[in-house]
>>> print(open('start_3.cif').read())   # mmCIF, C-alpha atoms
data_target
#
loop_
_atom_site.label_atom_id
_atom_site.label_comp_id
_atom_site.auth_asym_id
_atom_site.auth_seq_id
_atom_site.Cartn_x
_atom_site.Cartn_y
_atom_site.Cartn_z
CA MET A 1352 -1.34 0.27 -106.18
CA VAL A 1353 -4.63 2.07 -105.97
CA ALA A 1354 -4.97 5.00 -103.62
CA GLN A 1355 -8.07 5.12 -101.50
CA ARG A 1356 -9.83 7.95 -99.80
CA LYS A 1357 -9.05 8.62 -96.18
CA ASN A 1358 -11.99 9.96 -94.26
CA GLU A 1359 -12.33 11.53 -90.92
CA PRO A 1360 -14.51 9.88 -88.29
CA PRO A 1361 -18.03 11.20 -88.07
CA SER A 1362 -18.51 14.27 -85.95
CA SER A 1363 -20.83 12.30 -83.75
CA SER A 1364 -18.11 9.84 -82.76
CA PRO A 1365 -18.07 9.15 -79.05
CA CYS A 1366 -15.07 11.04 -77.69
CA CYS A 1367 -14.43 8.40 -75.10
CA SER A 1368 -13.84 5.63 -77.62
CA ILE A 1369 -10.44 4.04 -77.14
CA PHE A 1370 -10.20 4.10 -80.93
CA SER A 1371 -11.00 7.77 -81.24
CA HIS A 1372 -7.48 8.76 -82.29
CA ILE A 1373 -7.03 6.04 -84.88
CA PRO A 1374 -7.49 7.30 -88.44
CA ARG A 1375 -10.57 5.50 -89.63
CA LEU A 1376 -11.67 3.88 -92.80
CA ALA A 1377 -14.93 5.24 -94.04
CA PRO A 1378 -17.79 2.99 -95.10
CA GLU A 1379 -17.02 3.86 -98.72
CA ARG A 1380 -13.35 2.90 -98.32
CA GLN A 1381 -13.49 0.51 -101.25
CA GLN A 1382 -14.03 3.37 -103.67
CA SER A 1383 -11.12 4.86 -105.53
CA VAL A 1384 -10.11 8.45 -105.04
CA THR A 1385 -11.34 10.74 -107.74
CA GLY A 1386 -10.91 14.18 -106.35
CA VAL A 1387 -8.62 14.40 -103.34
CA SER A 1388 -5.13 13.78 -104.59
CA ALA A 1389 -5.93 14.16 -108.26
CA GLY A 1390 -5.31 17.89 -107.98
CA VAL A 1391 -1.67 17.59 -106.97
CA GLU A 1392 0.52 18.61 -109.87
CA ARG A 1393 3.58 16.51 -110.50
CA GLU A 1394 6.06 19.35 -110.01
CA THR A 1395 4.35 20.48 -106.84
CA PHE A 1396 4.46 16.92 -105.55
CA TYR A 1397 8.18 16.64 -106.33
CA GLU A 1398 8.91 19.96 -104.66
CA GLU A 1399 7.06 19.16 -101.45
CA LEU A 1400 8.32 15.60 -101.25
CA SER A 1401 11.94 16.55 -101.86
CA SER A 1402 11.71 19.14 -99.07
CA PHE A 1403 10.35 16.47 -96.78
CA LEU A 1404 13.07 13.98 -97.72
CA VAL A 1405 15.82 16.57 -97.21
CA GLY A 1406 14.35 17.21 -93.78
CA LEU A 1407 14.54 13.52 -92.93
CA SER A 1408 18.31 13.52 -93.27
CA PRO A 1409 19.99 13.54 -89.85
CA GLY A 1410 23.27 14.89 -91.20
CA PRO A 1411 24.19 17.97 -93.21
CA THR A 1412 21.39 19.17 -95.45
CA PRO A 1413 21.69 17.30 -98.76
CA ARG A 1414 20.69 18.63 -102.14
CA PRO A 1415 17.10 17.87 -103.17
CA PRO A 1416 16.76 14.49 -104.89
CA ALA A 1417 15.96 14.28 -108.59
CA PRO A 1418 12.57 12.77 -109.52
CA THR A 1419 14.11 9.55 -110.84
CA GLU A 1420 16.89 9.30 -108.26
CA HIS A 1421 16.85 6.10 -106.23
CA LEU A 1422 16.10 7.35 -102.74
CA VAL A 1423 17.54 4.33 -100.95
CA ASP A 1424 20.75 4.21 -102.95
CA SER A 1425 21.24 7.94 -102.51
CA GLY A 1426 20.75 7.76 -98.77
CA TYR A 1427 17.58 9.81 -98.54
CA LEU A 1428 15.51 6.92 -97.30
CA ASP A 1429 16.00 3.75 -95.31
CA SER A 1430 13.57 1.34 -93.69
CA PHE A 1431 13.38 3.58 -90.64
CA GLY A 1432 12.20 6.50 -92.73
CA LEU A 1433 9.40 4.56 -94.38
CA VAL A 1434 6.92 5.23 -91.60
CA GLU A 1435 7.55 8.96 -91.77
CA LEU A 1436 7.25 8.87 -95.56
CA ILE A 1437 3.97 6.97 -95.51
CA MET A 1438 2.50 9.34 -92.94
CA PHE A 1439 3.63 12.33 -95.01
CA LEU A 1440 2.13 10.95 -98.21
CA GLU A 1441 -1.16 9.96 -96.62
CA LYS A 1442 -1.57 13.36 -94.98
CA ARG A 1443 -0.52 15.36 -98.02
CA LEU A 1444 -2.58 13.39 -100.52
CA GLY A 1445 -5.54 12.68 -98.27
CA ILE A 1446 -5.41 8.98 -98.95
CA GLU A 1447 -4.77 5.71 -97.20
CA ILE A 1448 -2.20 3.54 -98.89
CA PRO A 1449 -3.65 0.02 -99.10
CA LEU A 1450 -1.76 -2.36 -96.85
CA GLU A 1451 -1.92 -5.40 -99.05
CA GLU A 1452 -0.86 -3.70 -102.25
CA HIS A 1453 2.38 -2.26 -101.03
CA ASP A 1454 5.24 -2.70 -103.44
CA PRO A 1455 8.47 -1.38 -101.91
CA ARG A 1456 9.67 -0.38 -105.39
CA SER A 1457 6.88 2.14 -105.64
CA PHE A 1458 8.70 4.16 -103.00
CA HIS A 1459 12.17 4.05 -104.52
CA THR A 1460 11.85 7.28 -106.48
CA MET A 1461 9.65 10.35 -106.29
CA ARG A 1462 8.47 9.68 -109.82
CA ARG A 1463 7.30 6.17 -108.95
CA MET A 1464 5.47 7.49 -105.93
CA TYR A 1465 3.62 10.01 -108.05
CA ASP A 1466 2.81 7.42 -110.68
CA ALA A 1467 1.59 4.92 -108.08
CA LEU A 1468 -0.30 7.21 -105.73
CA VAL A 1469 -1.39 10.28 -107.66
CA ALA A 1470 -1.53 9.39 -111.35
CA PRO A 1471 -4.11 6.59 -110.90
CA THR A 1472 -6.55 9.12 -109.52
CA ALA A 1473 -6.14 11.19 -112.65
CA VAL A 1474 -6.78 8.07 -114.71
CA SER A 1475 -9.93 7.30 -112.77
CA ALA A 1476 -11.15 10.84 -113.36
CA ALA A 1477 -10.47 10.83 -117.08
CA PRO A 1478 -11.53 8.40 -119.80
CA GLY A 1479 -9.04 6.05 -121.40
CA PRO A 1480 -6.07 4.09 -120.07
CA THR A 1481 -3.43 6.67 -120.93
CA THR A 1482 -2.49 9.68 -118.83
CA GLN A 1483 -0.46 12.74 -119.87
CA HIS A 1484 2.05 13.51 -117.17
CA HIS A 1485 3.11 17.03 -116.39
CA ASP A 1486 6.64 16.39 -117.57
CA GLY A 1487 5.42 15.23 -120.97
CA ASP A 1488 6.05 11.55 -120.29
CA THR A 1489 3.04 9.75 -121.69
CA ARG A 1490 2.71 6.13 -120.82
CA ASN A 1491 0.20 3.46 -120.28
CA LEU A 1492 -0.31 3.08 -116.58
CA LEU A 1493 -0.59 -0.67 -116.66
CA GLU A 1494 2.63 -0.96 -118.62
CA HIS A 1495 4.33 1.29 -116.15
CA THR A 1496 3.15 -0.75 -113.23
CA GLU A 1497 4.40 -3.96 -114.77
CA LYS A 1498 7.70 -2.35 -115.59
CA ALA A 1499 8.11 -1.03 -112.08
CA LYS A 1500 7.49 -4.47 -110.66
CA SER A 1501 10.01 -6.06 -112.95
CA GLU A 1502 12.75 -3.56 -112.17
CA MET B 38 -23.52 3.55 -77.57
CA THR B 39 -23.53 2.77 -81.24
CA VAL B 40 -23.32 5.66 -83.66
CA THR B 41 -24.82 5.17 -87.09
CA THR B 42 -22.81 6.60 -89.97
CA GLY B 43 -24.63 5.99 -93.19
CA ALA B 44 -24.78 2.30 -94.00
CA GLN B 45 -22.08 1.41 -91.49
CA THR B 46 -22.03 1.90 -87.75
CA GLN B 47 -19.22 3.29 -85.66
CA SER B 48 -18.58 -0.12 -84.17
CA GLU B 49 -18.42 -1.60 -87.65
CA TRP B 50 -15.81 1.01 -88.53
CA ASP B 51 -13.76 -0.03 -85.54
CA ALA B 52 -14.13 -3.68 -86.45
CA THR B 53 -13.06 -3.01 -90.04
CA ARG B 54 -9.98 -1.13 -88.90
CA ILE B 55 -8.98 -3.76 -86.37
CA ASP B 56 -9.57 -6.63 -88.74
CA GLU B 57 -7.49 -5.00 -91.47
CA LEU B 58 -4.47 -4.53 -89.22
CA ARG B 59 -4.84 -7.87 -87.51
CA GLN B 60 -5.00 -9.72 -90.81
CA ALA B 61 -1.97 -7.83 -92.06
CA PHE B 62 -0.02 -8.84 -88.96
CA GLN B 63 -0.74 -12.53 -89.43
CA GLY B 64 1.68 -12.64 -92.35
CA ILE B 65 4.53 -10.88 -90.59
CA GLY B 66 5.81 -10.66 -87.01
CA THR B 67 6.94 -8.43 -84.19
CA ALA B 68 10.43 -8.41 -85.71
CA GLN B 69 9.22 -6.55 -88.79
CA ILE B 70 7.02 -4.26 -86.70
CA HIS B 71 10.03 -3.28 -84.65
CA ASP B 72 12.30 -2.88 -87.66
CA ALA B 73 9.77 -0.55 -89.25
CA ALA B 74 10.03 2.12 -86.58
CA ARG B 75 12.49 1.56 -83.78
CA ASP B 76 11.94 5.06 -82.51
CA LYS B 77 8.18 4.59 -82.21
CA VAL B 78 7.79 0.93 -81.28
CA ARG B 79 8.42 -0.09 -77.67
CA VAL B 80 9.44 -3.61 -76.76
CA LEU B 81 7.55 -4.85 -73.71
CA ASP B 82 10.34 -6.70 -71.97
CA LEU B 83 8.13 -7.90 -69.15
CA GLY B 84 8.87 -11.61 -69.21
CA LEU B 85 5.56 -12.31 -70.92
CA VAL B 86 5.22 -15.82 -72.36
CA LEU B 87 2.90 -16.81 -75.21
CA ARG B 88 0.60 -19.45 -73.74
CA SER B 89 -1.13 -20.23 -77.01
CA PRO B 90 1.52 -21.53 -79.40
CA ALA B 91 1.28 -20.62 -83.07
CA LEU B 92 -1.11 -17.74 -82.46
CA LYS B 93 -0.35 -14.08 -82.98
CA LEU B 94 -1.87 -11.30 -80.95
CA ALA B 95 -2.80 -7.92 -82.42
CA GLY B 96 -5.25 -5.29 -81.33
CA PRO B 97 -5.84 -2.07 -79.45
CA ALA B 98 -5.20 -2.42 -75.74
CA TYR B 99 -7.90 -2.21 -73.11
CA PRO B 100 -5.74 -1.93 -69.98
CA VAL B 101 -6.87 -2.40 -66.41
CA GLU B 102 -4.95 -2.48 -63.15
CA THR B 103 -5.40 -4.84 -60.24
CA ASP B 104 -3.81 -5.61 -56.92
CA ASP B 105 -3.76 -9.39 -57.11
CA ASP B 106 -7.52 -9.48 -57.54
CA ILE B 107 -9.66 -11.15 -60.21
CA LEU B 108 -12.46 -8.59 -60.15
CA PRO B 109 -10.93 -5.79 -62.28
CA GLY B 110 -10.27 -8.25 -65.08
CA LEU B 111 -13.86 -9.46 -65.00
CA GLN B 112 -15.09 -5.88 -65.17
CA ALA B 113 -12.84 -5.20 -68.16
CA LEU B 114 -14.18 -8.23 -70.01
CA GLU B 115 -17.69 -6.91 -69.60
CA VAL B 116 -17.03 -3.58 -71.33
CA ALA B 117 -14.01 -4.05 -73.60
CA PRO B 118 -14.90 -3.40 -77.28
CA PRO B 119 -14.77 -6.35 -79.68
CA GLY B 120 -11.34 -6.79 -81.18
CA SER B 121 -9.53 -5.16 -78.30
CA VAL B 122 -6.83 -6.85 -76.26
CA VAL B 123 -7.58 -6.91 -72.55
CA PHE B 124 -4.37 -6.14 -70.69
CA ILE B 125 -4.51 -6.94 -66.97
CA HIS B 126 -1.65 -5.38 -65.07
CA ASP B 127 -1.13 -6.90 -61.63
CA ARG B 128 0.73 -4.56 -59.31
CA ALA B 129 1.69 -7.56 -57.17
CA LYS B 130 5.23 -8.70 -57.90
CA ARG B 131 4.26 -12.36 -58.13
CA GLY B 132 0.63 -12.82 -57.29
CA ASP B 133 -1.97 -15.54 -57.59
CA ALA B 134 -3.77 -16.41 -60.81
CA ILE B 135 -6.01 -13.55 -61.91
CA ALA B 136 -7.22 -15.33 -65.06
CA GLY B 137 -7.85 -18.87 -66.24
CA ASP B 138 -10.06 -20.99 -68.45
CA ILE B 139 -13.30 -19.10 -67.72
CA VAL B 140 -11.75 -15.73 -68.48
CA VAL B 141 -10.14 -16.95 -71.70
CA THR B 142 -13.37 -18.58 -72.82
CA THR B 143 -15.07 -15.24 -72.28
CA VAL B 144 -12.41 -13.49 -74.33
CA LYS B 145 -13.10 -15.84 -77.20
CA GLU B 146 -16.88 -15.77 -77.05
CA GLN B 147 -17.04 -11.97 -76.83
CA GLY B 148 -14.87 -11.55 -79.91
CA LEU B 149 -11.96 -9.88 -78.15
CA GLY B 150 -8.54 -9.79 -79.75
CA GLY B 151 -6.73 -11.59 -76.98
CA LEU B 152 -5.60 -11.45 -73.38
CA VAL B 153 -2.39 -10.28 -71.77
CA VAL B 154 -1.95 -11.00 -68.08
CA ASN B 155 0.98 -9.06 -66.72
CA GLY B 156 0.89 -11.33 -63.72
CA SER B 157 -0.11 -14.95 -63.09
CA MET B 158 -2.72 -17.18 -64.68
CA ARG B 159 -3.65 -20.85 -64.72
CA ASP B 160 -5.40 -23.57 -66.77
CA ILE B 161 -2.66 -23.43 -69.38
CA GLU B 162 -3.48 -26.85 -70.82
CA PHE B 163 -6.96 -25.61 -71.69
CA ILE B 164 -5.76 -22.22 -72.88
CA GLN B 165 -3.19 -23.48 -75.33
CA ASP B 166 -5.84 -25.19 -77.44
CA ILE B 167 -8.74 -22.77 -77.34
CA GLY B 168 -7.59 -20.62 -80.25
CA VAL B 169 -7.21 -17.28 -78.46
CA PRO B 170 -3.84 -15.50 -78.25
CA VAL B 171 -2.88 -15.31 -74.56
CA PHE B 172 0.23 -14.06 -72.82
CA SER B 173 1.10 -14.17 -69.14
CA ARG B 174 4.17 -13.56 -67.02
CA HIS B 175 3.74 -16.39 -64.55
CA VAL B 176 1.71 -19.54 -64.01
CA THR B 177 0.26 -20.82 -60.74
CA PRO B 178 -2.65 -23.10 -59.81
CA VAL B 179 -3.65 -20.78 -56.98
CA SER B 180 -6.64 -18.55 -57.70
CA ALA B 181 -6.56 -14.92 -56.58
CA LYS B 182 -9.27 -13.27 -54.50
CA THR B 183 -12.36 -11.56 -55.93
CA GLU B 184 -12.88 -8.55 -53.71
CA VAL B 185 -11.70 -5.14 -54.91
CA PRO B 186 -13.13 -3.59 -58.12
CA ALA B 187 -11.14 -1.59 -60.64
CA ALA B 188 -10.41 2.03 -59.85
CA ALA B 189 -10.90 2.97 -63.52
CA LEU B 190 -11.91 1.25 -66.73
CA PRO B 191 -9.90 1.42 -68.91
CA CYS B 192 -6.83 3.09 -67.47
CA SER B 193 -3.31 3.95 -68.52
CA VAL B 194 -0.73 1.80 -66.78
CA THR B 195 2.96 2.30 -66.19
CA LEU B 196 4.96 -0.80 -67.03
CA ALA B 197 8.57 -1.76 -66.51
CA ASP B 198 11.16 0.73 -67.74
CA GLY B 199 8.57 3.47 -67.34
CA ILE B 200 6.68 2.49 -70.48
CA GLU B 201 3.16 3.90 -70.49
CA LEU B 202 0.41 1.77 -71.98
CA HIS B 203 -2.61 3.86 -72.91
CA PRO B 204 -6.06 2.62 -73.92
CA GLY B 205 -6.07 2.18 -77.69
CA ASP B 206 -2.32 1.70 -78.06
CA TRP B 207 -1.74 -1.31 -80.24
CA LEU B 208 -0.18 -4.50 -78.95
CA PHE B 209 1.47 -7.00 -81.27
CA GLY B 210 2.68 -10.30 -79.87
CA ASP B 211 4.13 -13.54 -81.16
CA VAL B 212 6.78 -16.07 -80.18
CA ASP B 213 9.46 -13.40 -80.48
CA GLY B 214 7.83 -11.18 -77.85
CA MET B 215 5.46 -8.26 -77.57
CA VAL B 216 5.68 -4.70 -78.85
CA LEU B 217 3.61 -1.58 -78.29
CA VAL B 218 2.76 0.83 -81.10
CA PRO B 219 1.07 4.19 -80.43
CA GLN B 220 -2.31 4.25 -82.07
CA ASP B 221 -1.67 7.37 -84.15
CA VAL B 222 1.12 5.69 -86.12
CA VAL B 223 0.02 2.06 -86.11
CA ARG B 224 -1.22 1.90 -89.68
CA ALA B 225 1.92 3.46 -91.12
CA VAL B 226 4.07 1.15 -89.01
CA VAL B 227 2.21 -1.95 -90.21
CA ALA B 228 2.41 -0.73 -93.81
CA SER B 229 6.17 -0.28 -93.47
CA ALA B 230 6.53 -3.65 -91.76
CA LEU B 231 4.77 -5.31 -94.68
CA MET B 232 7.18 -3.73 -97.12
CA ILE B 233 10.14 -4.81 -95.02
CA TYR B 234 8.76 -8.33 -94.90
CA ARG B 235 8.32 -8.48 -98.67
CA ARG B 236 11.84 -7.26 -99.20
CA GLU B 237 13.12 -9.94 -96.81
CA GLU B 238 11.17 -12.55 -98.72
CA GLU B 239 12.82 -11.42 -101.93
CA VAL B 240 16.22 -11.78 -100.30
CA LYS B 241 15.35 -15.31 -99.17
CA THR B 242 14.22 -16.15 -102.69
CA ALA B 243 17.50 -14.86 -104.07
CA LEU B 244 19.46 -16.91 -101.54
CA ARG B 245 17.55 -20.03 -102.47
CA SER B 246 18.41 -19.42 -106.10
CA GLY B 247 22.12 -19.39 -105.35
CA GLU B 248 22.91 -15.72 -104.63
CA ARG B 249 25.35 -15.06 -101.81
CA LEU B 250 24.26 -13.00 -98.82
CA SER B 251 27.42 -10.92 -99.01
CA ALA B 252 26.54 -9.83 -102.54
CA LEU B 253 22.94 -9.07 -101.65
CA THR B 254 23.89 -6.92 -98.69
CA GLY B 255 27.08 -5.26 -99.86
CA LEU B 256 28.97 -6.86 -97.01
CA GLN B 257 32.43 -6.42 -98.52
CA ASP B 258 31.89 -2.71 -99.19
CA PHE B 259 30.72 -2.20 -95.65
CA VAL B 260 33.77 -3.94 -94.20
CA SER B 261 36.20 -2.16 -96.48
CA ASP B 262 34.93 1.40 -96.59
CA GLY B 263 31.81 1.63 -94.45
CA THR B 264 29.30 1.82 -97.28
CA PRO B 265 25.97 1.09 -95.59
CA MET B 266 24.72 -2.49 -95.94
CA ARG B 267 21.41 -2.88 -97.71
CA PHE B 268 19.28 -5.82 -98.58
CA ARG B 269 19.06 -5.51 -102.33
CA PRO B 270 17.47 -8.44 -104.11
#
>>> encode(input="start_3.cif", output="structure tokens")
Amino acid sequence: MVAQRKNEPPSSSPCCSIFSHIPRLAPERQQSVTGVSAGVERETFYEELSSFLVGLSPGPTPRPPAPTEHLVDSGYLDSFGLVELIMFLEKRLGIEIPLEEHDPRSFHTMRRMYDALVAPTAVSAAPGPTTQHHDGDTRNLLEHTEKAKSE
Amino acid sequence: MTVTTGAQTQSEWDATRIDELRQAFQGIGTAQIHDAARDKVRVLDLGLVLRSPALKLAGPAYPVETDDDILPGLQALEVAPPGSVVFIHDRAKRGDAIAGDIVVTTVKEQGLGGLVVNGSMRDIEFIQDIGVPVFSRHVTPVSAKTEVPAAALPCSVTLADGIELHPGDWLFGDVDGMVLVPQDVVRAVVASALMIYRREEEVKTALRSGERLSALTGLQDFVSDGTPMRFRP
């Protein structure tokens, strides 16, 4: 999954357009993000996302999920929470998640979300195929992606 | 008015956005759209019937109201942006036909996303083969009058059950029915619907390979102790 930049409509957009409230794709939408979400540290991402997920829970406030905890199995997320999650991620990271590259498994844990949505931007900004994660877990991104798909 | 934004115009932006979501919807259906966000997606239980079998309708609505008159629909066709779905709401309970073969041909040639007639239309034999997604509530051979213009173009309309349809809200329609998705959440809803669809496909694949549905869903646990059922391929 490759995150892409989400851009605001031009300031000269006609206010009367019936599409004026739809988040728009910019002309350069095919380009990868290199500077928007790349600045989000892993721990900061986990902290903000866990707070969001705890807030999604309709019942008593649960404990924050662990980074590798399966969010569906643990009851933090179901299909009805996906829309809220996607909107949260897109707003927080300033990206649009590509429709055709969605892999549901990428949303099963906070760690996978970071690896799928944030880490690739760090890779695109730095030379080489390997990225050093904040928690010291170094891995080849392609290997990770294949592993995630096979899990 | 067309606004130029670098190499791409405003209208091209709109077209890109609409085409992306419309293409995504072709692989799924209103069932997945509804499953994705039951609290945000409204089912339009209006008695609308798909008059163009095998076609799916998706696009931002361009609504117009009429009182059993053809004219407002013709006005809407003239100004509706490409890709939009013209939604003609007839206030008459069961009126005459306010659209037919000429209107649908116009919809196609002007690159609109489809037509929804919340009222009566005609020329169904022609319409079902033209390749444009069309819904209507009723069918009659009797043509309506052409006298009174639209009060506003486009306009928000109040449908059955008090549902408000605003210009730009997205309409998705197929043989299962029609749903309305507010424009500010439509992309997230479609993204979620795609994930739900892919998960369902994985379940079907598992079933075809011999897995039992009860094992894939945790049926026994749900019956015995209430553990939530989940589709887990």
>>> residues_around(input="start_3.cif", residues="segment 1426-1430 of chain A", least_positions_apart="4", cutoff="9 Å", atoms="only C-alpha atoms", output="ChimeraX atom specification")
/A:1404-1405,1407-1408,1413,1416,1421-1422,1434,1436,1459 /B:72-74,229-230,232-233,267
>>> resolve_selection(input="start_3.cif", expression="the PyMOL selection byres ((chain A and resi 1415) around 10)", output="CSV table (one decimal) with C-alpha atoms, in the coordinates of the input")
chain,number,residue,atom,x,y,z
A,1397,TYR,CA,8.2,16.6,-106.3
A,1398,GLU,CA,8.9,20.0,-104.7
A,1400,LEU,CA,8.3,15.6,-101.2
A,1401,SER,CA,11.9,16.6,-101.9
A,1402,SER,CA,11.7,19.1,-99.1
A,1403,PHE,CA,10.4,16.5,-96.8
A,1404,LEU,CA,13.1,14.0,-97.7
A,1405,VAL,CA,15.8,16.6,-97.2
A,1406,GLY,CA,14.4,17.2,-93.8
A,1412,THR,CA,21.4,19.2,-95.4
A,1413,PRO,CA,21.7,17.3,-98.8
A,1414,ARG,CA,20.7,18.6,-102.1
A,1416,PRO,CA,16.8,14.5,-104.9
A,1417,ALA,CA,16.0,14.3,-108.6
A,1418,PRO,CA,12.6,12.8,-109.5
A,1420,GLU,CA,16.9,9.3,-108.3
A,1427,TYR,CA,17.6,9.8,-98.5
>>> closest_residue(input="start_3.cif", among="A:Thr1395, A:Phe1458, A:Pro1411, A:Arg1443", to="chain B", atoms="all atoms listed in the file")
A:Phe1458
>>> closest_residue(input="start_3.cif", among="A:Val1391, A:Asp1454, A:Thr1419, A:Ser1425", to="Leu1440 of chain A", atoms="all atoms listed in the file")
A:Val1391
>>> resolve_selection(input="start_3.cif", expression="the PyMOL selection byres ((chain B and resi 196-206) around 7)", output="NGL selection string")
(:A and (1369-1370)) or (:B and (83 or 97-100 or 191-195 or 207-208 or 217-220))
>>> atom_distance(input="start_3.cif", atom1="atom CA of Val171 of chain B", atom2="atom CA of Val144 of chain B")
9.7 Å
>>> atom_distance(input="start_3.cif", atom1="atom CA of Val123 of chain B", atom2="atom CA of Val154 of chain B")
8.3 Å
>>> resolve_selection(input="start_3.cif", expression="the PyMOL selection byres ((chain B and resi 182-190) around 10)", output="ChimeraX atom specification")
/B:99-113,116-117,133-135,179-181,191-193,204
>>> closest_residue(input="start_3.cif", among="B:Val78, B:Ile161, B:Val86, B:Ala252", to="Val223 of chain B", atoms="all atoms listed in the file")
B:Val78
>>> atom_distance(input="start_3.cif", atom1="atom CA of Arg1463 of chain A", atom2="atom CA of Ile1446 of chain A")
16.4 Å
>>> closest_residue(input="start_3.cif", among="B:Val141, B:Leu256, B:Leu58, B:Ala136", to="His175 of chain B", atoms="all atoms listed in the file")
B:Ala136
>>> residues_around(input="start_3.cif", residues="segment 151-153 of chain B", least_positions_apart="2", cutoff="7 Å", atoms="all atoms listed in the file", output="PyMOL selection string")
chain B and resi 94+122-125+144+149+155+169-173
>>> residues_around(input="start_3.cif", residues="Arg59 of chain B", least_positions_apart="4", cutoff="9 Å", atoms="all atoms listed in the file", output="compact mmCIF listing (two decimals) with C-alpha atoms, in the frame of the given file")
# COMPACT_ATOMS: atom_id res chain seq x y z
CA ARG B 54 -9.98 -1.13 -88.90
CA ILE B 55 -8.98 -3.76 -86.37
CA GLN B 63 -0.74 -12.53 -89.43
CA LYS B 93 -0.35 -14.08 -82.98
CA LEU B 94 -1.87 -11.30 -80.95
CA ALA B 95 -2.80 -7.92 -82.42
CA GLY B 96 -5.25 -5.29 -81.33
CA GLY B 150 -8.54 -9.79 -79.75
CA PHE B 209 1.47 -7.00 -81.27
>>> closest_residue(input="start_3.cif", among="B:Asp138, B:Glu115, B:Glu238, B:Glu146", to="chain A", atoms="only C-alpha atoms")
B:Glu238
>>> closest_residue(input="start_3.cif", among="A:Val1469, A:Ile1437, A:Ser1457, A:Gly1410", to="chain B", atoms="only C-alpha atoms")
A:Ile1437
>>> residues_near_point(input="start_3.cif", point="(7.2, -18.0, -79.1)", cutoff="8 Å", atoms="only C-alpha atoms", output="ChimeraX atom specification")
/B:86-87,90-91,211-214
>>> decode(input="start_3.cif", residues="segment 111-123 of chain B", atoms="N, CA and C atoms", output="short mmCIF file (atom, residue, chain, number, x, y, z; two decimals), in the first residue's frame")
data_model
loop_
_atom_site.label_atom_id
_atom_site.label_comp_id
_atom_site.auth_asym_id
_atom_site.auth_seq_id
_atom_site.Cartn_x
_atom_site.Cartn_y
_atom_site.Cartn_z
N LEU B 111 -35.59 18.64 -17.97
CA LEU B 111 -34.86 19.11 -19.15
C LEU B 111 -33.88 20.22 -18.76
N GLN B 112 -34.30 21.08 -17.87
CA GLN B 112 -33.40 22.14 -17.40
C GLN B 112 -32.19 21.54 -16.66
N ALA B 113 -32.46 20.52 -15.86
CA ALA B 113 -31.37 19.89 -15.11
C ALA B 113 -30.36 19.26 -16.06
N LEU B 114 -30.85 18.61 -17.09
CA LEU B 114 -29.94 17.98 -18.06
C LEU B 114 -29.00 18.99 -18.68
N GLU B 115 -29.49 20.19 -18.87
CA GLU B 115 -28.71 21.21 -19.55
C GLU B 115 -27.52 21.69 -18.73
N VAL B 116 -27.64 21.64 -17.41
CA VAL B 116 -26.60 22.23 -16.56
C VAL B 116 -25.90 21.24 -15.62
N ALA B 117 -26.39 20.02 -15.54
CA ALA B 117 -25.77 19.05 -14.62
C ALA B 117 -24.34 18.75 -15.06
N PRO B 118 -23.38 18.75 -14.11
CA PRO B 118 -21.98 18.47 -14.45
C PRO B 118 -21.80 17.03 -14.94
N PRO B 119 -20.86 16.81 -15.83
CA PRO B 119 -20.57 15.44 -16.28
C PRO B 119 -20.28 14.53 -15.10
N GLY B 120 -20.79 13.32 -15.18
CA GLY B 120 -20.57 12.36 -14.11
C GLY B 120 -21.64 12.37 -13.04
N SER B 121 -22.41 13.45 -12.99
CA SER B 121 -23.43 13.52 -11.94
C SER B 121 -24.66 12.71 -12.32
N VAL B 122 -25.42 12.35 -11.29
CA VAL B 122 -26.65 11.59 -11.47
C VAL B 122 -27.83 12.54 -11.33
N VAL B 123 -28.57 12.73 -12.41
CA VAL B 123 -29.73 13.60 -12.34
C VAL B 123 -30.87 12.86 -11.63
#
